[in-house]
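Data block for run_21.txt (compact mmCIF, C-alpha atoms):
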# COMPACT_ATOMS: atom_id res chain seq x y z
CA MET D 1 -8.70 2.22 -32.73
CA ASP D 2 -10.61 5.41 -31.94
CA LYS D 3 -10.02 6.78 -28.45
CA THR D 4 -12.33 5.73 -25.68
CA ARG D 5 -13.98 8.22 -23.39
CA GLU D 6 -11.91 9.33 -20.39
CA ILE D 7 -12.88 8.12 -16.93
CA ALA D 8 -11.58 9.51 -13.61
CA ILE D 9 -11.11 7.12 -10.70
CA GLY D 10 -10.04 9.10 -7.67
CA ASN D 11 -6.67 10.67 -8.49
CA ILE D 12 -6.10 8.79 -11.75
CA LYS D 13 -7.58 8.95 -15.23
CA LEU D 14 -7.86 6.22 -17.80
CA GLY D 15 -9.10 5.94 -21.35
CA GLY D 16 -8.70 8.80 -23.81
CA ASP D 17 -5.03 9.75 -24.21
CA ASN D 18 -4.04 8.25 -20.85
CA PRO D 19 -1.58 5.34 -20.64
CA VAL D 20 -2.67 1.76 -20.00
CA LEU D 21 -2.63 1.06 -16.25
CA VAL D 22 -1.82 -2.09 -14.31
CA GLN D 23 -4.05 -3.25 -11.49
CA THR D 24 -4.29 -6.26 -9.21
CA MET D 25 -6.60 -7.68 -6.57
CA TRP D 26 -5.69 -8.26 -2.95
CA ASP D 27 -5.69 -11.99 -2.28
CA LYS D 28 -6.59 -12.15 1.41
CA ALA D 29 -9.57 -11.33 3.58
CA VAL D 30 -8.99 -8.01 5.34
CA GLU D 31 -9.58 -8.41 9.07
CA LYS D 32 -7.57 -5.43 10.26
CA VAL D 33 -5.68 -2.51 8.77
CA ASP D 34 -2.15 -2.38 10.16
CA SER D 35 1.22 -1.03 9.11
CA GLU D 36 2.19 -4.36 7.53
CA LEU D 37 -0.80 -4.31 5.17
CA ILE D 38 -0.21 -0.68 4.21
CA SER D 39 3.47 -1.42 3.61
CA GLU D 40 2.60 -4.32 1.29
CA LEU D 41 0.14 -2.17 -0.65
CA ASN D 42 2.69 0.62 -0.99
CA ARG D 43 5.19 -1.93 -2.29
CA LEU D 44 2.73 -2.91 -5.02
CA GLN D 45 2.55 0.74 -6.01
CA VAL D 46 6.35 1.02 -6.17
CA TYR D 47 6.32 -1.90 -8.60
CA GLY D 48 3.86 -0.07 -10.85
CA ASN D 49 0.38 -0.99 -9.60
CA ARG D 50 -2.13 1.84 -10.07
CA LEU D 51 -5.46 0.42 -8.83
CA ILE D 52 -6.06 -2.07 -6.04
CA ARG D 53 -9.25 -4.12 -5.82
CA PHE D 54 -10.58 -5.75 -2.67
CA ALA D 55 -13.41 -8.18 -2.15
CA ALA D 56 -16.20 -6.64 -0.08
CA PRO D 57 -18.12 -9.75 1.06
CA THR D 58 -19.95 -8.22 4.04
CA LEU D 59 -21.09 -4.87 5.37
CA GLU D 60 -18.61 -5.30 8.20
CA SER D 61 -15.70 -5.35 5.72
CA VAL D 62 -16.59 -1.97 4.20
CA PRO D 63 -15.19 0.38 6.92
CA LEU D 64 -11.86 -1.44 6.66
CA LEU D 65 -11.72 -0.66 2.93
CA GLY D 66 -12.53 2.95 3.74
CA GLU D 67 -9.66 3.04 6.22
CA ILE D 68 -7.28 1.56 3.64
CA ALA D 69 -8.38 4.15 1.08
CA GLY D 70 -7.49 6.89 3.55
CA ARG D 71 -3.97 5.54 4.11
CA ILE D 72 -2.74 4.87 0.56
CA THR D 73 -2.66 6.95 -2.61
CA MET D 74 -3.84 4.22 -4.99
CA PRO D 75 -7.58 4.25 -5.67
CA VAL D 76 -9.34 1.40 -3.85
CA VAL D 77 -11.92 -0.61 -5.81
CA ALA D 78 -14.58 -2.71 -4.09
CA ASP D 79 -15.67 -6.03 -5.61
CA ILE D 80 -19.31 -6.62 -4.69
CA HIS D 81 -21.71 -9.48 -5.27
CA PHE D 82 -25.31 -10.18 -4.20
CA ASP D 83 -25.92 -7.38 -1.65
CA TYR D 84 -26.68 -3.93 -3.01
CA LYS D 85 -26.35 -2.47 0.50
CA ILE D 86 -22.63 -3.24 0.42
CA ALA D 87 -22.31 -1.17 -2.75
CA LEU D 88 -24.12 1.74 -1.11
CA ALA D 89 -21.92 1.48 1.98
CA CYS D 90 -18.74 1.48 -0.14
CA MET D 91 -19.80 4.70 -1.77
CA ASP D 92 -20.52 6.17 1.67
CA GLN D 93 -16.89 5.40 2.47
CA GLY D 94 -15.81 7.40 -0.57
CA LEU D 95 -14.44 4.51 -2.61
CA PRO D 96 -14.09 5.84 -6.17
CA LYS D 97 -14.96 2.63 -8.04
CA ILE D 98 -17.09 -0.45 -7.47
CA ARG D 99 -17.33 -3.64 -9.47
CA ILE D 100 -20.80 -5.16 -9.59
CA ASN D 101 -22.75 -7.72 -11.57
CA PRO D 102 -26.20 -6.15 -11.98
CA GLY D 103 -27.61 -9.62 -12.57
CA ASN D 104 -26.81 -10.85 -9.07
CA ILE D 105 -27.44 -7.66 -7.10
CA GLY D 106 -31.14 -8.45 -7.07
CA ALA D 107 -34.29 -6.66 -8.19
CA SER D 108 -34.03 -3.81 -10.66
CA TRP D 109 -34.86 -1.24 -8.01
CA LYS D 110 -31.77 -2.31 -6.05
CA VAL D 111 -29.54 -1.73 -9.06
CA GLU D 112 -31.25 1.61 -9.58
CA GLU D 113 -30.42 2.59 -6.00
CA VAL D 114 -26.77 1.74 -6.60
CA VAL D 115 -26.65 3.64 -9.89
CA LYS D 116 -28.36 6.70 -8.42
CA LYS D 117 -25.86 6.87 -5.59
CA ALA D 118 -22.95 6.34 -7.98
CA ALA D 119 -24.18 9.26 -10.07
CA ASP D 120 -24.47 11.45 -6.96
CA THR D 121 -21.00 10.53 -5.66
CA GLY D 122 -19.12 10.36 -8.97
CA THR D 123 -18.35 6.69 -8.42
CA VAL D 124 -17.23 4.61 -11.39
CA ILE D 125 -18.99 1.27 -11.93
CA ARG D 126 -17.27 -1.66 -13.59
CA ILE D 127 -19.52 -4.20 -15.25
CA GLY D 128 -18.84 -7.01 -17.64
CA ALA D 129 -19.07 -10.66 -18.56
CA ASN D 130 -17.02 -13.76 -17.89
CA GLY D 131 -16.83 -16.76 -20.20
CA GLY D 132 -17.50 -19.13 -17.33
CA SER D 133 -20.66 -17.43 -16.10
CA LEU D 134 -22.71 -16.38 -19.10
CA PRO D 135 -26.45 -15.86 -18.57
CA LYS D 136 -28.59 -18.90 -19.34
CA SER D 137 -30.15 -17.12 -22.33
CA LEU D 138 -26.71 -16.84 -24.00
CA LYS D 139 -25.02 -20.11 -23.06
CA HIS D 140 -26.43 -21.88 -26.10
CA MET D 141 -24.70 -19.55 -28.58
CA ASP D 142 -21.98 -21.09 -30.73
CA ASN D 143 -20.19 -17.75 -31.02
CA ARG D 144 -19.10 -17.31 -27.42
CA ALA D 145 -17.28 -14.05 -28.13
CA GLU D 146 -20.55 -12.56 -29.37
CA ALA D 147 -22.29 -14.00 -26.32
CA LEU D 148 -19.81 -12.23 -24.03
CA VAL D 149 -20.44 -8.93 -25.77
CA LEU D 150 -24.21 -9.37 -25.65
CA ALA D 151 -24.03 -10.18 -21.93
CA ALA D 152 -22.06 -7.01 -21.25
CA GLU D 153 -24.34 -4.93 -23.50
CA GLU D 154 -27.39 -6.13 -21.58
CA GLN D 155 -25.91 -4.68 -18.39
CA LEU D 156 -24.67 -1.58 -20.17
CA ASN D 157 -28.05 -0.87 -21.76
CA PHE D 158 -29.72 -0.97 -18.36
CA LEU D 159 -27.25 1.50 -16.86
CA GLU D 160 -27.57 3.77 -19.90
CA SER D 161 -31.38 3.66 -19.58
CA LEU D 162 -30.85 5.21 -16.14
CA GLY D 163 -28.67 7.93 -17.65
CA PHE D 164 -25.47 6.48 -16.17
CA GLU D 165 -22.34 6.25 -18.33
CA ASN D 166 -19.47 6.48 -15.83
CA VAL D 167 -18.63 2.90 -16.69
CA ILE D 168 -15.70 0.59 -17.32
CA VAL D 169 -16.38 -2.75 -19.03
CA SER D 170 -14.57 -6.07 -18.72
CA LEU D 171 -14.92 -9.05 -21.05
CA LYS D 172 -12.87 -12.02 -19.91
CA SER D 173 -12.42 -15.58 -21.05
CA SER D 174 -9.87 -18.29 -20.30
CA ASP D 175 -9.69 -18.92 -24.06
CA ILE D 176 -7.33 -16.33 -25.53
CA GLU D 177 -8.91 -16.31 -29.00
CA GLU D 178 -12.39 -15.91 -27.57
CA ASN D 179 -11.07 -13.16 -25.31
CA TYR D 180 -9.49 -11.36 -28.26
CA GLU D 181 -12.58 -11.56 -30.44
CA ALA D 182 -14.94 -10.41 -27.68
CA ASN D 183 -12.88 -7.35 -26.75
CA SER D 184 -12.26 -6.45 -30.39
CA LEU D 185 -15.97 -6.66 -31.15
CA PHE D 186 -16.95 -4.58 -28.14
CA ALA D 187 -14.32 -1.94 -28.96
CA SER D 188 -15.72 -1.65 -32.49
CA ARG D 189 -19.20 -0.89 -31.09
CA HIS D 190 -18.56 1.23 -27.99
CA ASP D 191 -16.19 3.86 -26.64
CA TYR D 192 -16.21 2.76 -23.01
CA PRO D 193 -12.77 1.99 -21.51
CA LEU D 194 -12.02 -1.73 -21.33
CA HIS D 195 -10.31 -3.61 -18.52
CA LEU D 196 -8.39 -6.54 -20.02
CA GLY D 197 -7.38 -9.90 -18.62
CA ILE D 198 -7.28 -13.60 -19.33
CA THR D 199 -9.39 -15.13 -16.59
CA GLU D 200 -8.42 -18.32 -14.75
CA ALA D 201 -5.10 -18.29 -16.59
CA GLY D 202 -3.40 -20.62 -14.11
CA PRO D 203 -0.06 -20.60 -12.26
CA LEU D 204 2.85 -18.30 -12.95
CA ILE D 205 4.36 -19.54 -16.20
CA PRO D 206 1.15 -20.64 -18.03
CA SER D 207 -0.56 -17.41 -17.02
CA ILE D 208 2.22 -15.16 -18.25
CA VAL D 209 2.41 -17.03 -21.56
CA LYS D 210 -1.36 -16.90 -22.12
CA SER D 211 -1.65 -13.28 -21.01
CA SER D 212 1.32 -12.10 -23.07
CA ILE D 213 -0.02 -13.69 -26.24
CA GLY D 214 -3.68 -12.98 -25.56
CA LEU D 215 -3.42 -9.36 -24.46
CA SER D 216 -0.58 -8.06 -26.62
CA ARG D 217 -2.67 -8.33 -29.79
CA LEU D 218 -5.39 -6.20 -28.21
CA LEU D 219 -3.00 -3.66 -26.71
CA GLU D 220 -1.17 -3.25 -30.01
CA LYS D 221 -4.52 -2.35 -31.62
CA GLY D 222 -5.08 0.33 -28.98
CA ILE D 223 -7.69 -1.74 -27.14
CA GLY D 224 -7.56 -1.73 -23.36
CA SER D 225 -7.22 0.96 -20.70
CA THR D 226 -6.30 -1.23 -17.73
CA ILE D 227 -4.96 -4.77 -17.41
CA ARG D 228 -4.71 -7.45 -14.76
CA ILE D 229 -2.55 -10.52 -15.25
CA SER D 230 -4.51 -13.14 -13.33
CA ILE D 231 -1.98 -15.52 -11.78
CA SER D 232 -2.46 -18.24 -9.19
CA ASP D 233 0.30 -16.57 -7.20
CA SER D 234 0.95 -13.31 -5.36
CA PRO D 235 -0.47 -9.92 -6.40
CA LEU D 236 3.11 -8.66 -6.68
CA LYS D 237 3.88 -11.13 -9.45
CA GLU D 238 0.71 -10.02 -11.26
CA VAL D 239 1.93 -6.42 -11.11
CA ILE D 240 5.44 -7.27 -12.30
CA ALA D 241 4.08 -9.33 -15.20
CA GLY D 242 1.66 -6.60 -16.23
CA ASN D 243 4.28 -3.89 -16.28
CA GLU D 244 6.77 -6.08 -18.12
CA ILE D 245 4.19 -6.76 -20.84
CA LEU D 246 3.46 -3.05 -21.21
CA SER D 247 7.18 -2.20 -21.24
CA VAL D 248 7.97 -4.70 -23.99
CA LEU D 249 5.11 -3.25 -26.06
CA GLY D 250 6.35 0.30 -25.46
CA LEU D 251 3.17 1.21 -23.60
CA ASN D 252 4.55 1.82 -20.13
CA SER D 253 4.56 5.56 -19.52
CA GLN D 254 6.65 5.25 -16.37
CA ALA D 255 10.43 5.25 -16.76
CA ARG D 256 11.55 1.75 -15.84
CA VAL D 257 14.71 -0.27 -15.52
CA ASN D 258 15.20 -2.92 -18.20
CA LEU D 259 16.74 -5.78 -16.26
CA ILE D 260 18.99 -8.15 -18.21
CA SER D 261 19.89 -11.28 -16.27
CA CYS D 262 21.38 -14.57 -17.43
CA PRO D 263 20.48 -18.02 -16.15
CA LYS D 264 22.95 -20.06 -14.16
CA CYS D 265 25.33 -22.42 -15.90
CA GLY D 266 28.37 -24.52 -15.06
CA ARG D 267 30.65 -21.47 -15.42
CA SER D 268 28.66 -19.36 -13.00
CA SER D 269 30.27 -18.49 -9.69
CA PHE D 270 28.28 -15.30 -9.11
CA ASP D 271 24.80 -16.09 -7.84
CA THR D 272 22.70 -14.03 -10.24
CA HIS D 273 19.44 -15.39 -8.85
CA SER D 274 19.95 -14.33 -5.25
CA PHE D 275 21.57 -11.00 -6.22
CA THR D 276 18.69 -10.15 -8.55
CA GLU D 277 16.16 -11.01 -5.87
CA GLU D 278 18.08 -8.96 -3.33
CA ILE D 279 18.19 -5.85 -5.53
CA GLN D 280 14.80 -6.22 -7.23
CA ASP D 281 12.84 -3.93 -4.89
CA TYR D 282 15.36 -1.18 -5.42
CA LEU D 283 15.42 -1.54 -9.21
CA TYR D 284 11.64 -1.27 -9.48
CA SER D 285 11.79 1.98 -7.49
CA VAL D 286 14.28 3.57 -9.92
CA ASP D 287 12.58 6.13 -12.15
CA LYS D 288 15.09 5.94 -15.01
CA ASP D 289 15.01 4.47 -18.51
CA ILE D 290 18.19 2.42 -18.18
CA SER D 291 19.28 -1.16 -18.84
CA VAL D 292 20.84 -3.03 -15.93
CA ALA D 293 22.65 -6.36 -16.42
CA VAL D 294 23.25 -9.02 -13.77
CA MET D 295 25.53 -11.60 -15.39
CA GLY D 296 26.72 -14.90 -14.00
CA CYS D 297 30.39 -15.03 -15.01
CA MET D 298 33.25 -12.94 -16.29
CA VAL D 299 33.67 -15.14 -19.37
CA ASN D 300 30.67 -13.67 -21.18
CA GLY D 301 29.21 -11.11 -18.76
CA PRO D 302 30.62 -7.72 -19.80
CA GLY D 303 30.81 -8.79 -23.44
CA GLU D 304 27.28 -10.13 -23.83
CA ALA D 305 25.90 -7.22 -21.85
CA SER D 306 28.08 -4.54 -23.41
CA HIS D 307 24.96 -2.66 -24.49
CA ALA D 308 23.79 -2.30 -20.87
CA ASP D 309 24.08 1.09 -19.20
CA ILE D 310 25.45 -0.66 -16.15
CA GLY D 311 26.11 -4.26 -15.18
CA ILE D 312 27.61 -6.52 -12.58
CA SER D 313 29.33 -9.89 -12.74
CA GLY D 314 32.00 -11.77 -10.86
CA VAL D 315 34.12 -14.75 -10.00
CA GLY D 316 33.80 -16.01 -6.45
CA ASN D 317 34.43 -13.06 -4.12
CA SER D 318 35.75 -10.81 -6.89
CA ILE D 319 32.88 -8.73 -8.30
CA ALA D 320 33.15 -6.36 -11.26
CA ILE D 321 30.83 -3.47 -12.09
CA PHE D 322 30.87 -2.36 -15.72
CA LYS D 323 29.36 0.32 -17.94
CA LYS D 324 28.82 -0.41 -21.63
CA GLY D 325 31.11 -3.43 -21.29
CA GLU D 326 33.99 -1.53 -19.62
CA ILE D 327 34.86 -2.47 -16.03
CA ILE D 328 34.75 0.63 -13.84
CA ARG D 329 34.90 -0.82 -10.35
CA ARG D 330 35.87 -3.97 -8.48
CA GLU D 331 34.25 -5.02 -5.22
CA THR D 332 33.87 -7.99 -2.91
CA ALA D 333 30.64 -9.95 -2.49
CA CYS D 334 30.01 -8.03 0.75
CA THR D 335 30.32 -4.57 -0.80
CA ALA D 336 28.92 -5.26 -4.29
CA LYS D 337 25.26 -4.40 -3.69
CA GLU D 338 25.95 -1.03 -2.06
CA ALA D 339 28.51 -0.13 -4.73
CA PHE D 340 26.20 -1.18 -7.55
CA ILE D 341 23.34 0.96 -6.21
CA GLU D 342 25.75 3.88 -5.84
CA GLU D 343 26.73 3.62 -9.50
CA ILE D 344 23.10 3.35 -10.63
CA GLU D 345 22.26 6.49 -8.66
CA GLN D 346 25.01 8.36 -10.50
CA LEU D 347 23.76 7.43 -13.97
Go through the file and emit its structure as structure tokens.
Amino acid sequence: MDKTREIAIGNIKLGGDNPVLVQTMWDKAVEKVDSELISELNRLQVYGNRLIRFAAPTLESVPLLGEIAGRITMPVVADIHFDYKIALACMDQGLPKIRINPGNIGASWKVEEVVKKAADTGTVIRIGANGGSLPKSLKHMDNRAEALVLAAEEQLNFLESLGFENVIVSLKSSDIEENYEANSLFASRHDYPLHLGITEAGPLIPSIVKSSIGLSRLLEKGIGSTIRISISDSPLKEVIAGNEILSVLGLNSQARVNLISCPKCGRSSFDTHSFTEEIQDYLYSVDKDISVAVMGCMVNGPGEASHADIGISGVGNSIAIFKKGEIIRRETACTAKEAFIEEIEQL
């Protein structure tokens, strides 16, 4: 596909030659901004999140989003419905991007006020269409992918008529074929950056399956500047899933650990599940293109993972650390984690 135009959102850029970015949405109402919240947001960034979206349901919630934006380095995006004054207030707080639906903001003059302020402040506006909430005038169409595109174009045409083009567009459906066709069609007509996702994709496993199949075809065609893997689970799992999809497709610009881990079986006496969970935060913070294996037993561990840059396996309290299949160090269960991290640091 031809390159899209480049859009700047705070300290990041997307579209153009920039890599595809992962984003998520905070899943709780923000009632206060404390160190625990900031720590959780920073953890998302360590795992590869690059944009964080918050619901902005009331005017009272807006200063809290402004405070968050001042305490983290990820750009904060406000999700706004119904009240144009909330959009104006978010821009007063310096938030670099807002997501609105011009159709539910109200009268045209209210949308114009929002667009004028966005132009003055350099704020990016995300618009788009969702398969579950098409306008009444388009719900009758048999070609729902075309209907999604027409719905987005209606919003886009209005913003362009006001001379505003600092826009990101999102076309989402819970049907992966419809989603693919809509985004492909839009990309063939316009050069605005697209935010991709399969909406209402369900719990962890169904969502990852649908999103992997549905989004990979678009990403491989060069369509999509940001993605969100919508999961009925934690934002952290959305971020992990998004980055894993990009990594498998060779689209993740950040150096990342490729984690190889086997499931448990009757031979396993090394708890791969708990060890992987224990070391996961560290591994996602490692800025190295390396493969790390966590294997359940010494029968197959070093052999099956002989291609790994570094690996760990064991029998009971006897733990072995190996490089390229060769054991380099033996530890106990108590010292294994620290020793393993030490070896990874030396790679």
Between D:Val22, D:Ile176, D:Leu283, D:Ile100, single out the one closest to Ala201 of chain D, counting only C-alpha atoms.
->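 Of the candidates, the smallest distance to Ala201 of chain D is held by D:Ile176.
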Restricting to only C-alpha atoms, whichever of D:Val315, D:Leu138, D:Ala129, D:Leu88 is closest to Lys110 of chain D is D:Leu88
Find the residues near Gly94 of chain D: any atom within 12 Å, counting all atoms listed in the file, skip ones fewer than 5 places away on the same chain, and give them as an MDAnalysis selection string.
-> chainID D and resid 9:10 62:63 65:70 75:78 87:89 117:118 120:124
Do you know which residues are at most 9 Å from segment 181-197 of chain D counting only C-alpha atoms, after dropping those on the same chain fewer than 3 positions away, and could you put them as an MDAnalysis selection string?
-> chainID D and resid 1:7 14:16 126 144:149 152:153 165:174 176:178 201 211 214:215 218 221 223:230
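Here atom CA of Ile208 of chain D and atom CA of Ser133 of chain D stand 23.1 Å from one another.
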Please identify all polymer residues within 10 Å of segment 55-57 of chain D, counting all atoms listed in the file, omitting same-chain residues fewer than 4 positions from it, and present them as a count of residues only.
-> 23
Can you work out which one of D:Ile312, D:Ile38, D:Leu95, D:Ile240 has the shortest atom-to-atom distance to Val294 of chain D, counting only C-alpha atoms?
-> D:Ile312
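The closest residue to Ile198 of chain D, picked from D:Val257, D:Gly222, D:Asn130, D:Arg329 and counting all atoms listed in the file, is D:Asn130.
Picture a line from atom CA of Ser261 of chain D to atom CA of Gly325 of chain D; it runs 14.6 Å.
For the pair atom CA of Phe158 of chain D and atom CA of Pro96 of chain D, the separation is 21.0 Å.
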Return as JSON the centre and edge lengths, in Å with one decimal, of the box along x, y and z that encloses every atom of segment 256-262 of chain D in the file, padded by 5 Å per side.
{"center_x": 16.5, "center_y": -6.4, "center_z": -16.9, "size_x": 19.8, "size_y": 26.3, "size_z": 12.7}
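Taking all atoms listed in the file into account, Leu251 of chain D lies nearest to D:Leu219 out of the set D:Leu219, D:Arg53, D:Ser35, D:Phe270.
Within 9 Å of Met74 of chain D, once all atoms listed in the file are used and residues closer than 5 positions along the same chain are dropped, the contacting residues are Gly10, Asn11, Ile12, Leu41, Asn42, Gln45, Asn49, Arg50, Leu51, Ile52 and Ala69 of chain D.
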Top pick for closest residue to Leu134 of chain D, considering D:Val239, D:Cys262, D:Leu150, D:Ala255 and counting all atoms listed in the file =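 Looking at the shortest contact to Leu134 of chain D, the residue is D:Leu150.
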